[in-house]
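Shown below: query31.cif, with mmCIF, C-alpha atoms and all ligand atoms.
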```cif
data_run
loop_
_atom_site.label_atom_id
_atom_site.label_comp_id
_atom_site.auth_asym_id
_atom_site.auth_seq_id
_atom_site.Cartn_x
_atom_site.Cartn_y
_atom_site.Cartn_z
CA MET A 1 -6.41 -40.60 -24.61
CA ASN A 2 -4.43 -37.40 -23.90
CA GLU A 3 -5.55 -34.84 -21.30
CA ILE A 4 -7.22 -32.44 -23.76
CA ALA A 5 -9.08 -35.21 -25.56
CA ALA A 6 -10.27 -36.54 -22.19
CA LEU A 7 -11.53 -33.08 -21.20
CA LYS A 8 -13.38 -32.66 -24.51
CA ASP A 9 -15.09 -36.00 -23.84
CA HIS A 10 -16.77 -34.65 -20.70
CA LYS A 11 -18.25 -31.54 -22.32
CA ARG A 12 -21.70 -30.57 -23.55
CA THR A 13 -23.46 -32.38 -20.75
CA HIS A 14 -26.65 -30.36 -20.16
CA THR A 15 -28.32 -28.63 -23.08
CA GLY A 16 -26.12 -29.95 -25.86
CA LEU A 17 -24.88 -26.39 -26.36
CA PRO A 18 -21.22 -25.52 -25.76
CA ARG A 19 -20.64 -24.70 -22.09
CA VAL A 20 -18.91 -21.36 -21.65
CA GLY A 21 -17.35 -19.63 -18.65
CA PHE A 22 -17.09 -15.86 -18.17
CA LEU A 23 -13.87 -14.63 -16.58
CA GLY A 24 -14.05 -10.94 -15.66
CA VAL A 25 -17.56 -9.56 -15.84
CA GLY A 26 -16.99 -5.83 -15.45
CA TRP A 27 -18.24 -3.36 -18.01
CA ILE A 28 -17.24 -5.00 -21.29
CA GLY A 29 -17.44 -8.55 -19.90
CA ARG A 30 -21.14 -8.15 -19.19
CA GLN A 31 -21.80 -6.39 -22.51
CA ARG A 32 -20.30 -9.32 -24.40
CA MET A 33 -22.00 -11.83 -22.11
CA GLN A 34 -25.36 -10.27 -22.93
CA ALA A 35 -24.64 -10.35 -26.68
CA ILE A 36 -23.60 -14.01 -26.70
CA LEU A 37 -26.57 -15.04 -24.52
CA GLU A 38 -29.02 -13.19 -26.75
CA ALA A 39 -27.68 -15.15 -29.71
CA GLY A 40 -28.73 -18.35 -27.88
CA MET A 41 -25.87 -20.54 -29.07
CA ILE A 42 -24.11 -21.35 -25.81
CA GLU A 43 -24.89 -22.35 -22.25
CA ALA A 44 -23.49 -19.94 -19.63
CA ALA A 45 -21.97 -22.43 -17.20
CA ALA A 46 -19.80 -20.34 -14.89
CA ILE A 47 -18.96 -16.79 -13.84
CA CYS A 48 -15.71 -15.79 -12.17
CA ASP A 49 -14.84 -12.31 -10.91
CA PRO A 50 -13.16 -11.28 -7.64
CA SER A 51 -15.78 -8.53 -7.28
CA PRO A 52 -18.95 -10.07 -5.77
CA GLU A 53 -20.96 -7.09 -7.09
CA MET A 54 -19.83 -7.69 -10.66
CA ALA A 55 -20.43 -11.45 -10.36
CA MET A 56 -23.97 -10.84 -9.03
CA GLU A 57 -24.72 -8.41 -11.87
CA ALA A 58 -23.56 -11.04 -14.34
CA LEU A 59 -25.69 -13.68 -12.66
CA LYS A 60 -28.75 -11.56 -13.48
CA LEU A 61 -27.94 -12.17 -17.15
CA ALA A 62 -27.54 -15.93 -16.69
CA PRO A 63 -29.27 -17.13 -13.50
CA GLU A 64 -28.49 -20.75 -14.36
CA ALA A 65 -24.70 -20.17 -14.27
CA ALA A 66 -22.56 -21.04 -11.24
CA ILE A 67 -20.46 -18.34 -9.60
CA VAL A 68 -17.05 -19.90 -8.99
CA PRO A 69 -14.52 -18.47 -6.52
CA SER A 70 -11.37 -18.70 -8.62
CA PHE A 71 -10.04 -19.17 -12.11
CA ASP A 72 -8.66 -22.56 -11.03
CA CYS A 73 -12.20 -23.67 -10.17
CA LEU A 74 -13.40 -22.47 -13.56
CA LEU A 75 -10.58 -24.37 -15.29
CA ASN A 76 -11.60 -27.54 -13.46
CA LEU A 77 -15.10 -27.41 -14.94
CA ALA A 78 -13.88 -28.72 -18.29
CA LEU A 79 -15.82 -26.12 -20.26
CA ASP A 80 -15.89 -25.77 -24.04
CA GLY A 81 -14.87 -22.13 -24.00
CA VAL A 82 -14.13 -19.08 -21.93
CA VAL A 83 -14.81 -15.39 -22.53
CA ILE A 84 -12.07 -13.31 -20.91
CA ALA A 85 -12.62 -9.63 -20.03
CA THR A 86 -10.21 -9.02 -17.17
CA PRO A 87 -7.60 -6.22 -16.84
CA SER A 88 -5.35 -6.34 -19.89
CA ALA A 89 -2.14 -7.61 -18.27
CA LEU A 90 -3.92 -10.84 -17.25
CA HIS A 91 -5.15 -11.77 -20.71
CA ALA A 92 -2.16 -13.71 -22.03
CA GLN A 93 -1.61 -15.96 -19.03
CA GLN A 94 -5.31 -16.62 -18.50
CA SER A 95 -5.80 -17.43 -22.19
CA ILE A 96 -2.87 -19.85 -22.14
CA GLN A 97 -4.20 -21.64 -19.05
CA ALA A 98 -7.65 -22.01 -20.60
CA LEU A 99 -6.26 -23.25 -23.91
CA GLN A 100 -4.06 -25.77 -22.09
CA ARG A 101 -7.25 -27.16 -20.55
CA GLY A 102 -8.77 -27.58 -24.00
CA MET A 103 -11.05 -24.54 -23.91
CA ALA A 104 -11.59 -22.22 -26.87
CA VAL A 105 -10.93 -18.59 -25.93
CA PHE A 106 -12.58 -15.31 -26.76
CA CYS A 107 -10.37 -12.65 -25.19
CA GLN A 108 -10.69 -8.91 -24.93
CA LYS A 109 -8.01 -6.90 -26.64
CA PRO A 110 -5.08 -6.66 -26.12
CA LEU A 111 -4.33 -10.39 -26.18
CA GLY A 112 -0.91 -9.66 -24.68
CA ARG A 113 1.23 -6.74 -23.59
CA THR A 114 4.03 -7.64 -26.01
CA LYS A 115 4.67 -9.63 -29.17
CA CYS A 116 6.31 -12.27 -27.01
CA GLU A 117 3.15 -12.73 -24.93
CA VAL A 118 0.90 -12.82 -28.00
CA GLU A 119 3.13 -15.42 -29.67
CA ALA A 120 2.91 -17.60 -26.57
CA VAL A 121 -0.91 -17.49 -26.59
CA VAL A 122 -1.12 -18.24 -30.31
CA ALA A 123 1.29 -21.17 -29.83
CA ALA A 124 -0.89 -22.50 -27.00
CA ALA A 125 -4.00 -22.29 -29.23
CA ARG A 126 -2.21 -24.09 -32.06
CA ARG A 127 -0.95 -26.85 -29.74
CA ALA A 128 -4.39 -27.35 -28.20
CA ASP A 129 -6.14 -27.05 -31.59
CA ARG A 130 -8.61 -24.63 -30.00
CA LEU A 131 -10.21 -21.51 -31.46
CA LEU A 132 -8.67 -18.24 -30.27
CA CYS A 133 -10.40 -14.97 -31.12
CA VAL A 134 -9.81 -11.46 -29.85
CA ASP A 135 -12.42 -8.73 -29.56
CA LEU A 136 -11.18 -6.39 -32.28
CA SER A 137 -14.67 -5.04 -32.30
CA TYR A 138 -14.38 -2.23 -34.85
CA ARG A 139 -13.67 -4.78 -37.57
CA HIS A 140 -17.31 -5.75 -37.16
CA THR A 141 -18.82 -2.34 -37.89
CA ALA A 142 -20.78 -2.45 -41.13
CA GLY A 143 -18.61 0.42 -42.38
CA MET A 144 -15.22 -1.23 -41.81
CA THR A 145 -16.44 -4.48 -43.34
CA LEU A 146 -17.48 -2.59 -46.49
CA ILE A 147 -14.27 -0.56 -46.59
CA ARG A 148 -12.06 -3.62 -46.25
CA ASP A 149 -13.96 -5.45 -49.01
CA LEU A 150 -13.71 -2.42 -51.31
CA VAL A 151 -9.98 -1.96 -50.65
CA ARG A 152 -9.37 -5.67 -51.26
CA SER A 153 -11.36 -5.52 -54.53
CA ASP A 154 -9.21 -2.63 -55.79
CA ALA A 155 -12.11 -0.13 -55.73
CA ILE A 156 -9.75 2.74 -54.81
CA GLY A 157 -6.67 1.45 -56.62
CA ARG A 158 -3.31 1.23 -54.88
CA VAL A 159 -3.67 2.53 -51.34
CA PHE A 160 -0.72 4.81 -50.64
CA ALA A 161 -1.88 6.47 -47.42
CA ALA A 162 -4.05 5.73 -44.40
CA ASP A 163 -4.97 7.96 -41.46
CA LEU A 164 -6.46 6.45 -38.32
CA THR A 165 -7.59 8.33 -35.22
CA PHE A 166 -9.04 7.37 -31.84
CA HIS A 167 -9.45 10.09 -29.21
CA ASN A 168 -11.40 9.07 -26.11
CA ALA A 169 -12.01 12.44 -24.47
CA TYR A 170 -12.79 10.88 -21.09
CA GLY A 171 -10.12 8.22 -20.88
CA PRO A 172 -10.83 5.05 -18.92
CA ASP A 173 -12.75 5.48 -15.67
CA LYS A 174 -11.04 2.60 -13.78
CA ALA A 175 -7.80 3.03 -11.85
CA TRP A 176 -6.17 -0.15 -13.20
CA PHE A 177 -5.91 1.33 -16.73
CA TYR A 178 -3.39 3.87 -15.34
CA ASP A 179 -1.24 1.20 -13.66
CA LYS A 180 1.12 -0.23 -16.28
CA THR A 181 1.48 -3.53 -14.42
CA LEU A 182 -2.25 -4.14 -14.96
CA SER A 183 -2.85 -2.39 -18.27
CA GLY A 184 0.42 -2.94 -20.13
CA GLY A 185 0.42 0.71 -21.23
CA GLY A 186 -1.78 3.68 -21.97
CA CYS A 187 -3.76 4.85 -24.98
CA VAL A 188 -1.52 2.95 -27.43
CA ILE A 189 -2.27 -0.49 -26.05
CA ASP A 190 -5.87 0.49 -25.29
CA LEU A 191 -6.91 2.36 -28.46
CA GLY A 192 -3.87 2.04 -30.75
CA THR A 193 -4.43 -1.73 -30.81
CA HIS A 194 -7.67 -1.14 -32.72
CA LEU A 195 -6.03 1.33 -35.12
CA VAL A 196 -3.02 -0.85 -35.96
CA ASP A 197 -5.32 -3.82 -36.42
CA LEU A 198 -7.74 -1.94 -38.67
CA ALA A 199 -4.91 -0.64 -40.86
CA LEU A 200 -3.19 -4.02 -41.32
CA TRP A 201 -6.43 -6.02 -41.60
CA THR A 202 -7.82 -3.66 -44.27
CA LEU A 203 -4.57 -3.61 -46.23
CA GLY A 204 -4.09 -7.40 -46.17
CA HIS A 205 -1.27 -7.56 -43.61
CA PRO A 206 1.68 -6.43 -45.71
CA PRO A 207 5.04 -6.55 -43.88
CA VAL A 208 5.85 -3.44 -41.84
CA ASP A 209 9.04 -1.56 -42.70
CA THR A 210 9.47 1.36 -40.30
CA VAL A 211 7.70 2.70 -37.22
CA VAL A 212 8.36 6.15 -35.78
CA SER A 213 6.34 7.35 -32.82
CA LYS A 214 5.94 10.02 -30.15
CA LEU A 215 4.28 9.35 -26.80
CA LEU A 216 3.16 12.04 -24.38
CA ARG A 217 1.72 12.14 -20.89
CA LYS A 218 -0.10 15.29 -19.80
CA GLY A 219 1.46 17.11 -22.75
CA SER A 220 5.11 16.20 -22.03
CA PRO A 221 7.23 13.27 -23.29
CA ALA A 222 6.18 9.98 -21.71
CA HIS A 223 8.75 7.40 -20.59
CA PRO A 224 7.09 4.00 -20.98
CA GLU A 225 10.27 2.23 -19.85
CA SER A 226 9.89 3.83 -16.42
CA GLY A 227 6.24 2.89 -16.00
CA ASP A 228 4.69 6.03 -17.51
CA VAL A 229 1.29 5.40 -19.03
CA GLU A 230 0.97 7.58 -22.15
CA ASP A 231 -2.21 9.52 -22.82
CA PHE A 232 -1.36 10.84 -26.30
CA ALA A 233 0.46 9.09 -29.13
CA THR A 234 1.28 9.55 -32.78
CA ALA A 235 2.97 7.01 -35.02
CA VAL A 236 3.96 6.86 -38.67
CA ILE A 237 4.20 3.32 -40.02
CA THR A 238 5.63 2.58 -43.46
CA LEU A 239 4.58 -0.69 -45.04
CA SER A 240 6.61 -2.75 -47.51
CA THR A 241 4.05 -1.75 -50.16
CA GLY A 242 5.11 1.88 -49.68
CA THR A 243 1.84 2.78 -47.95
CA VAL A 244 2.25 5.37 -45.20
CA VAL A 245 -0.05 4.81 -42.22
CA ARG A 246 -0.46 7.62 -39.69
CA LEU A 247 -2.00 6.86 -36.32
CA ILE A 248 -3.05 9.21 -33.55
CA CYS A 249 -4.79 8.29 -30.32
CA SER A 250 -5.37 9.75 -26.88
CA TRP A 251 -7.18 9.74 -23.57
CA HIS A 252 -8.53 12.98 -22.04
CA LEU A 253 -7.92 15.13 -25.14
CA GLN A 254 -9.89 18.38 -25.22
CA ALA A 255 -11.47 17.34 -28.48
CA GLY A 256 -14.77 19.19 -28.14
CA ARG A 257 -16.73 15.93 -28.14
CA ASP A 258 -16.80 12.52 -26.45
CA ALA A 259 -14.76 10.76 -29.09
CA VAL A 260 -13.11 11.21 -32.47
CA ILE A 261 -12.79 7.90 -34.26
CA SER A 262 -11.87 7.50 -37.93
CA ALA A 263 -10.07 5.29 -40.40
CA SER A 264 -9.38 6.76 -43.86
CA PHE A 265 -7.70 5.04 -46.79
CA TYR A 266 -6.49 6.99 -49.85
CA GLY A 267 -5.73 5.27 -53.14
CA THR A 268 -4.85 6.10 -56.71
CA LYS A 269 -8.54 5.82 -57.76
CA GLY A 270 -10.37 7.19 -54.70
CA GLY A 271 -10.73 7.20 -50.96
CA LEU A 272 -12.72 5.36 -48.30
CA ALA A 273 -13.35 6.49 -44.76
CA LEU A 274 -15.13 5.47 -41.61
CA HIS A 275 -15.85 8.16 -39.04
CA ASN A 276 -17.96 8.51 -35.95
CA VAL A 277 -21.01 10.74 -35.92
CA GLY A 278 -21.50 13.54 -33.40
CA GLY A 279 -18.72 12.34 -31.11
CA SER A 280 -20.43 8.97 -30.59
CA PHE A 281 -18.51 5.83 -29.58
CA TYR A 282 -21.08 3.70 -31.40
CA ASP A 283 -22.45 5.50 -34.48
CA PHE A 284 -20.41 5.51 -37.68
CA VAL A 285 -20.77 6.48 -41.31
CA ALA A 286 -18.66 5.02 -44.09
CA GLU A 287 -17.98 7.12 -47.18
CA HIS A 288 -16.50 6.58 -50.62
CA TYR A 289 -14.63 9.54 -52.10
CA ARG A 290 -14.02 10.17 -55.79
CA GLY A 291 -12.25 13.47 -56.33
CA THR A 292 -14.33 16.00 -54.40
CA GLN A 293 -17.48 13.82 -54.46
CA THR A 294 -18.67 11.86 -51.41
CA ALA A 295 -21.00 8.86 -51.53
CA VAL A 296 -22.32 7.53 -48.23
CA LEU A 297 -21.89 3.76 -48.03
CA CYS A 298 -23.64 3.15 -44.72
CA SER A 299 -24.88 5.06 -41.70
CA PRO A 300 -26.42 4.33 -38.28
CA PRO A 301 -28.05 2.36 -36.82
CA ASP A 302 -25.66 -0.57 -36.77
CA ILE A 303 -25.53 -2.83 -33.71
CA TRP A 304 -21.97 -4.06 -34.13
CA ALA A 305 -20.34 -4.32 -30.70
CA GLY A 306 -21.32 -7.93 -29.94
CA ARG A 307 -20.68 -9.35 -33.41
CA GLY A 308 -17.19 -10.61 -32.57
CA VAL A 309 -18.26 -12.72 -29.63
CA VAL A 310 -21.29 -14.05 -31.50
CA ASP A 311 -19.07 -15.03 -34.43
CA TRP A 312 -16.77 -16.86 -31.97
CA ALA A 313 -19.82 -18.67 -30.53
CA LYS A 314 -20.94 -19.79 -34.00
CA ARG A 315 -17.50 -21.20 -34.68
CA LEU A 316 -17.42 -22.86 -31.27
CA VAL A 317 -20.71 -24.57 -32.10
CA ALA A 318 -19.25 -25.71 -35.46
CA ASN A 319 -16.13 -27.31 -33.93
CA GLY A 320 -14.08 -24.70 -32.05
CA ALA A 321 -10.90 -25.79 -33.78
CA TYR A 322 -7.77 -23.67 -34.17
CA ASP A 323 -7.92 -21.03 -36.91
CA SER A 324 -4.58 -19.63 -38.03
CA GLU A 325 -6.22 -16.22 -38.53
CA CYS A 326 -5.22 -15.45 -34.93
CA GLU A 327 -1.59 -15.39 -36.11
CA GLU A 328 -2.34 -11.92 -37.56
CA LEU A 329 -2.38 -10.68 -33.97
CA ILE A 330 1.35 -11.29 -33.68
CA GLU A 331 2.16 -8.60 -36.26
CA VAL A 332 -0.25 -6.16 -34.62
CA SER A 333 1.52 -6.62 -31.28
CA ALA A 334 4.92 -6.34 -32.97
CA VAL A 335 3.91 -2.91 -34.29
CA LEU A 336 2.73 -1.87 -30.83
CA ASP A 337 6.10 -2.99 -29.40
CA ARG A 338 7.81 -0.86 -32.02
CA ILE A 339 5.62 2.16 -31.22
CA TYR A 340 6.72 1.88 -27.57
CA HIS A 341 10.38 1.22 -28.43
CA SER A 342 10.64 3.91 -31.08
CA ALA A 343 9.38 6.44 -28.51
CA CYS A 344 11.92 5.14 -25.91
CA ASP A 345 14.78 5.37 -28.45
CA GLN A 346 14.02 9.04 -29.03
CA SER A 347 13.39 10.14 -25.45
CA PRO A 348 16.04 12.52 -24.13
N1 LIG B 401 -12.91 -4.69 -27.56
C1 LIG B 401 -13.16 -3.48 -27.17
O1 LIG B 401 -13.53 -2.63 -27.96
C2 LIG B 401 -13.01 -3.15 -25.70
C3 LIG B 401 -13.77 -2.13 -25.14
C4 LIG B 401 -13.62 -1.89 -23.78
C5 LIG B 401 -12.73 -2.64 -23.02
N2 LIG B 401 -11.99 -3.61 -23.61
C6 LIG B 401 -11.02 -4.41 -22.83
O2 LIG B 401 -11.74 -5.19 -21.90
C7 LIG B 401 -10.97 -5.39 -20.73
C8 LIG B 401 -11.82 -5.06 -19.53
O3 LIG B 401 -12.18 -3.70 -19.57
P1 LIG B 401 -13.41 -3.13 -18.71
O4 LIG B 401 -13.58 -1.72 -19.09
O5 LIG B 401 -14.58 -4.05 -18.81
O6 LIG B 401 -12.78 -3.23 -17.24
P2 LIG B 401 -13.53 -3.47 -15.86
O7 LIG B 401 -12.59 -3.01 -14.81
O8 LIG B 401 -14.90 -2.89 -15.91
O9 LIG B 401 -13.70 -5.06 -15.81
C9 LIG B 401 -12.65 -5.94 -15.46
C10 LIG B 401 -13.25 -6.99 -14.54
O10 LIG B 401 -12.26 -7.99 -14.30
C11 LIG B 401 -12.35 -8.36 -12.95
N3 LIG B 401 -11.09 -8.99 -12.56
C12 LIG B 401 -9.96 -8.42 -12.08
N4 LIG B 401 -9.03 -9.38 -11.85
C13 LIG B 401 -9.59 -10.56 -12.20
C14 LIG B 401 -9.14 -11.91 -12.17
N5 LIG B 401 -7.90 -12.23 -11.76
N6 LIG B 401 -9.98 -12.88 -12.59
C15 LIG B 401 -11.22 -12.58 -13.00
N7 LIG B 401 -11.71 -11.31 -13.05
C16 LIG B 401 -10.90 -10.32 -12.65
C17 LIG B 401 -12.66 -7.07 -12.21
O11 LIG B 401 -13.21 -7.31 -10.91
C18 LIG B 401 -13.66 -6.44 -13.17
O12 LIG B 401 -14.99 -6.81 -12.88
C19 LIG B 401 -9.72 -4.53 -20.91
O13 LIG B 401 -8.65 -5.34 -21.29
C20 LIG B 401 -10.08 -3.57 -22.01
O14 LIG B 401 -8.95 -3.20 -22.78
C21 LIG B 401 -12.13 -3.88 -24.93
#
```
Show this structure as structure tokens.
Amino acid sequence: MNEIAALKDHKRTHTGLPRVGFLGVGWIGRQRMQAILEAGMIEAAAICDPSPEMAMEALKLAPEAAIVPSFDCLLNLALDGVVIATPSALHAQQSIQALQRGMAVFCQKPLGRTKCEVEAVVAAARRADRLLCVDLSYRHTAGMTLIRDLVRSDAIGRVFAADLTFHNAYGPDKAWFYDKTLSGGGCVIDLGTHLVDLALWTLGHPPVDTVVSKLLRKGSPAHPESGDVEDFATAVITLSTGTVVRLICSWHLQAGRDAVISASFYGTKGGLALHNVGGSFYDFVAEHYRGTQTAVLCSPPDIWAGRGVVDWAKRLVANGAYDSECEELIEVSAVLDRIYHSACDQSP
């Protein structure tokens, strides 16, 4: 019996439910932990976070879980899966280590800082035959699900343009986001990841032809190659289908509201758009445009943020086997690489 098969043999000892560890239980880690626990499909076996305060807060959600002092200790527990919500630069290596120990992984975005890192994680998942999912949470809004289905069913004809926006007027409130060694970059890797993913996922992942971008920091050109963390970015991406995708994202923009979030798709027979309501990070409407007419497809409330992790849990219960869908993440990260490199190529 090989090592992974032997590890799988020791699992599901207590309740019969998959045993899951939680690595990084800061803000989003605890949100996702709460969502997966409320769904009742897994047993919370272990919590690992170097901050005792964060670990204790997480323990309130799952008093039966063990707090473990290090990731190595968590790896030695032979769990069925791990939910990773640590600073972004740690995601790839931690995911690989968990997969190599036969654990399925649900990781926060971004899965890696570069295409190279993302490819390595996907390869580890494939080798281990373990499920790898990433929290591309906006896919799970009711509005984006409807929009994607309508685009795929030709409801707006050939899509020739898409405009996607994500302005977070506050920017992250933790210091590590502004340290490239921990974050991997600024608003592009933080918010642009969602936008690139939503565009490619909705449009069926056509090959990408060209990427031209501009990155700024405090209103002046940013130099990502020298460690600058950008706080404003625009990119124009041309797909092999001819579709032109325009992205814009920022931290700390004086946008007159908390957030501006939208994804609009324009086709030969109509348009479809998701946009946030009243500056909210959580409330969205989806609309279908025909000429100058607007039909509302869905509106709040919609409790979508935990759907990704719950979906992962369902699939872990089923068998937790590798799903090649995670290979889509490689192209998303390749576009992000090109957004950073295109900006470097043009900097004076
Ligand atoms: N999917 C989404 O929509 C979404 C939303 C918000 C944040 N995120 C992502 O989630 C991640 C975490 O963001 P956050 O806002 O919760 O940050 P956070 O700082 O609140 O949480 C990170 C936690 O990781 C812990 N940590 C640091 N090093 C660790 C290590 N080596 N092992 C284990 N734990 C460690 C920290 O102590 C902290 O508790 C980021 O990558 C971010 O991009 C995704």
**Message:** Set the distance at 12 Å and use all atoms listed in the file: which residues neighbour stretch 218-227 of chain A once local chain neighbours fewer than 4 positions away are removed? I'd like the list as a ChimeraX atom specification.
**Reply:** /A:178-189,213-214,231-234,250-254,337,339-348
Please check which protein, DNA or RNA residues sit within 9 Å of ligand LIG 401 (chain B), counting only C-alpha atoms and all ligand atoms, and write them as a short mmCIF file (atom, residue, chain, number, x, y, z; two decimals) with C-alpha atoms, in the frame of the given file.
```
data_model
loop_
_atom_site.label_atom_id
_atom_site.label_comp_id
_atom_site.auth_asym_id
_atom_site.auth_seq_id
_atom_site.Cartn_x
_atom_site.Cartn_y
_atom_site.Cartn_z
CA PHE A 22 -17.09 -15.86 -18.17
CA LEU A 23 -13.87 -14.63 -16.58
CA GLY A 24 -14.05 -10.94 -15.66
CA VAL A 25 -17.56 -9.56 -15.84
CA GLY A 26 -16.99 -5.83 -15.45
CA TRP A 27 -18.24 -3.36 -18.01
CA ILE A 28 -17.24 -5.00 -21.29
CA GLY A 29 -17.44 -8.55 -19.90
CA ARG A 30 -21.14 -8.15 -19.19
CA GLN A 31 -21.80 -6.39 -22.51
CA ILE A 47 -18.96 -16.79 -13.84
CA CYS A 48 -15.71 -15.79 -12.17
CA ASP A 49 -14.84 -12.31 -10.91
CA PRO A 50 -13.16 -11.28 -7.64
CA SER A 51 -15.78 -8.53 -7.28
CA PRO A 52 -18.95 -10.07 -5.77
CA GLU A 53 -20.96 -7.09 -7.09
CA MET A 54 -19.83 -7.69 -10.66
CA ALA A 55 -20.43 -11.45 -10.36
CA SER A 70 -11.37 -18.70 -8.62
CA PHE A 71 -10.04 -19.17 -12.11
CA ILE A 84 -12.07 -13.31 -20.91
CA ALA A 85 -12.62 -9.63 -20.03
CA THR A 86 -10.21 -9.02 -17.17
CA PRO A 87 -7.60 -6.22 -16.84
CA SER A 88 -5.35 -6.34 -19.89
CA ALA A 89 -2.14 -7.61 -18.27
CA LEU A 90 -3.92 -10.84 -17.25
CA HIS A 91 -5.15 -11.77 -20.71
CA GLN A 94 -5.31 -16.62 -18.50
CA CYS A 107 -10.37 -12.65 -25.19
CA GLN A 108 -10.69 -8.91 -24.93
CA LYS A 109 -8.01 -6.90 -26.64
CA PRO A 110 -5.08 -6.66 -26.12
CA LEU A 111 -4.33 -10.39 -26.18
CA VAL A 134 -9.81 -11.46 -29.85
CA ASP A 135 -12.42 -8.73 -29.56
CA LEU A 136 -11.18 -6.39 -32.28
CA SER A 137 -14.67 -5.04 -32.30
CA TYR A 138 -14.38 -2.23 -34.85
CA PRO A 172 -10.83 5.05 -18.92
CA ASP A 173 -12.75 5.48 -15.67
CA LYS A 174 -11.04 2.60 -13.78
CA ALA A 175 -7.80 3.03 -11.85
CA TRP A 176 -6.17 -0.15 -13.20
CA PHE A 177 -5.91 1.33 -16.73
CA SER A 183 -2.85 -2.39 -18.27
CA ILE A 189 -2.27 -0.49 -26.05
CA ASP A 190 -5.87 0.49 -25.29
CA LEU A 191 -6.91 2.36 -28.46
CA HIS A 194 -7.67 -1.14 -32.72
CA ALA A 305 -20.34 -4.32 -30.70
CA GLY A 308 -17.19 -10.61 -32.57
#
```
**Message:** At a cut-off of 9 Å, using only C-alpha atoms, what residues contact stretch 125-132 of chain A? Leave out same-chain residues fewer than 6 positions from it and give the result as a PyMOL selection string.
**Reply:** chain A and resi 4+81+95-96+99-107+312+315-316+319-326
Let's have the selection written as a tab-separated table (two decimals), keeping the file's coordinate frame, with C-alpha atoms.
```tsv
chain	number	residue	atom	x	y	z
A	4	ILE	CA	-7.22	-32.44	-23.76
A	81	GLY	CA	-14.87	-22.13	-24.00
A	95	SER	CA	-5.80	-17.43	-22.19
A	96	ILE	CA	-2.87	-19.85	-22.14
A	99	LEU	CA	-6.26	-23.25	-23.91
A	100	GLN	CA	-4.06	-25.77	-22.09
A	101	ARG	CA	-7.25	-27.16	-20.55
A	102	GLY	CA	-8.77	-27.58	-24.00
A	103	MET	CA	-11.05	-24.54	-23.91
A	104	ALA	CA	-11.59	-22.22	-26.87
A	105	VAL	CA	-10.93	-18.59	-25.93
A	106	PHE	CA	-12.58	-15.31	-26.76
A	107	CYS	CA	-10.37	-12.65	-25.19
A	312	TRP	CA	-16.77	-16.86	-31.97
A	315	ARG	CA	-17.50	-21.20	-34.68
A	316	LEU	CA	-17.42	-22.86	-31.27
A	319	ASN	CA	-16.13	-27.31	-33.93
A	320	GLY	CA	-14.08	-24.70	-32.05
A	321	ALA	CA	-10.90	-25.79	-33.78
A	322	TYR	CA	-7.77	-23.67	-34.17
A	323	ASP	CA	-7.92	-21.03	-36.91
A	324	SER	CA	-4.58	-19.63	-38.03
A	325	GLU	CA	-6.22	-16.22	-38.53
A	326	CYS	CA	-5.22	-15.45	-34.93
```
**Message:** Ranking A:Leu198, A:Gly171, A:Ser240, A:Leu216 by minimum distance to A:Ala259 and counting only C-alpha atoms, which one comes first?
**Reply:** A:Gly171
Show me a table, sorted first by chain and then by increasing residue number, of the residues of stretch 279-333 of chain A having an atom at most 9 Å from stretch 153-162 of chain A, each with its shortest atom pair and the distance in Å to one decimal, counting only C-alpha atoms and written as a Markdown table.
```
| residue | atom | partner | partner_atom | distance |
| --- | --- | --- | --- | --- |
| A:His288 | CA | A:Ile156 | CA | 8.8 |
| A:Tyr289 | CA | A:Ile156 | CA | 8.8 |
| A:Arg290 | CA | A:Ile156 | CA | 8.6 |
```
**Prompt:** Between atom CA of A:His205 and atom CA of A:Lys269, what is the spacing in Å?
**Reply:**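 So the answer is 20.8 Å.
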**Message:** Report, in Å to a single decimal, how far apart atom CA of A:Thr193 and atom CA of A:Ala124 are.
**Reply:** 21.4 Å
**Request:** Between atom CA of A:Phe265 and atom CA of A:Phe281, measure the distance and give it in Å to one decimal.
**Result:**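 The value is 20.3 Å.
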**Request:** Pick out the closest residue to A:Met56 from this set: A:Gly271, A:Tyr266, A:Ile42, A:Val68. Count all atoms listed in the file.
**Result:**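 Once distances to A:Met56 are computed over all atoms listed in the file, the minimum belongs to A:Val68.
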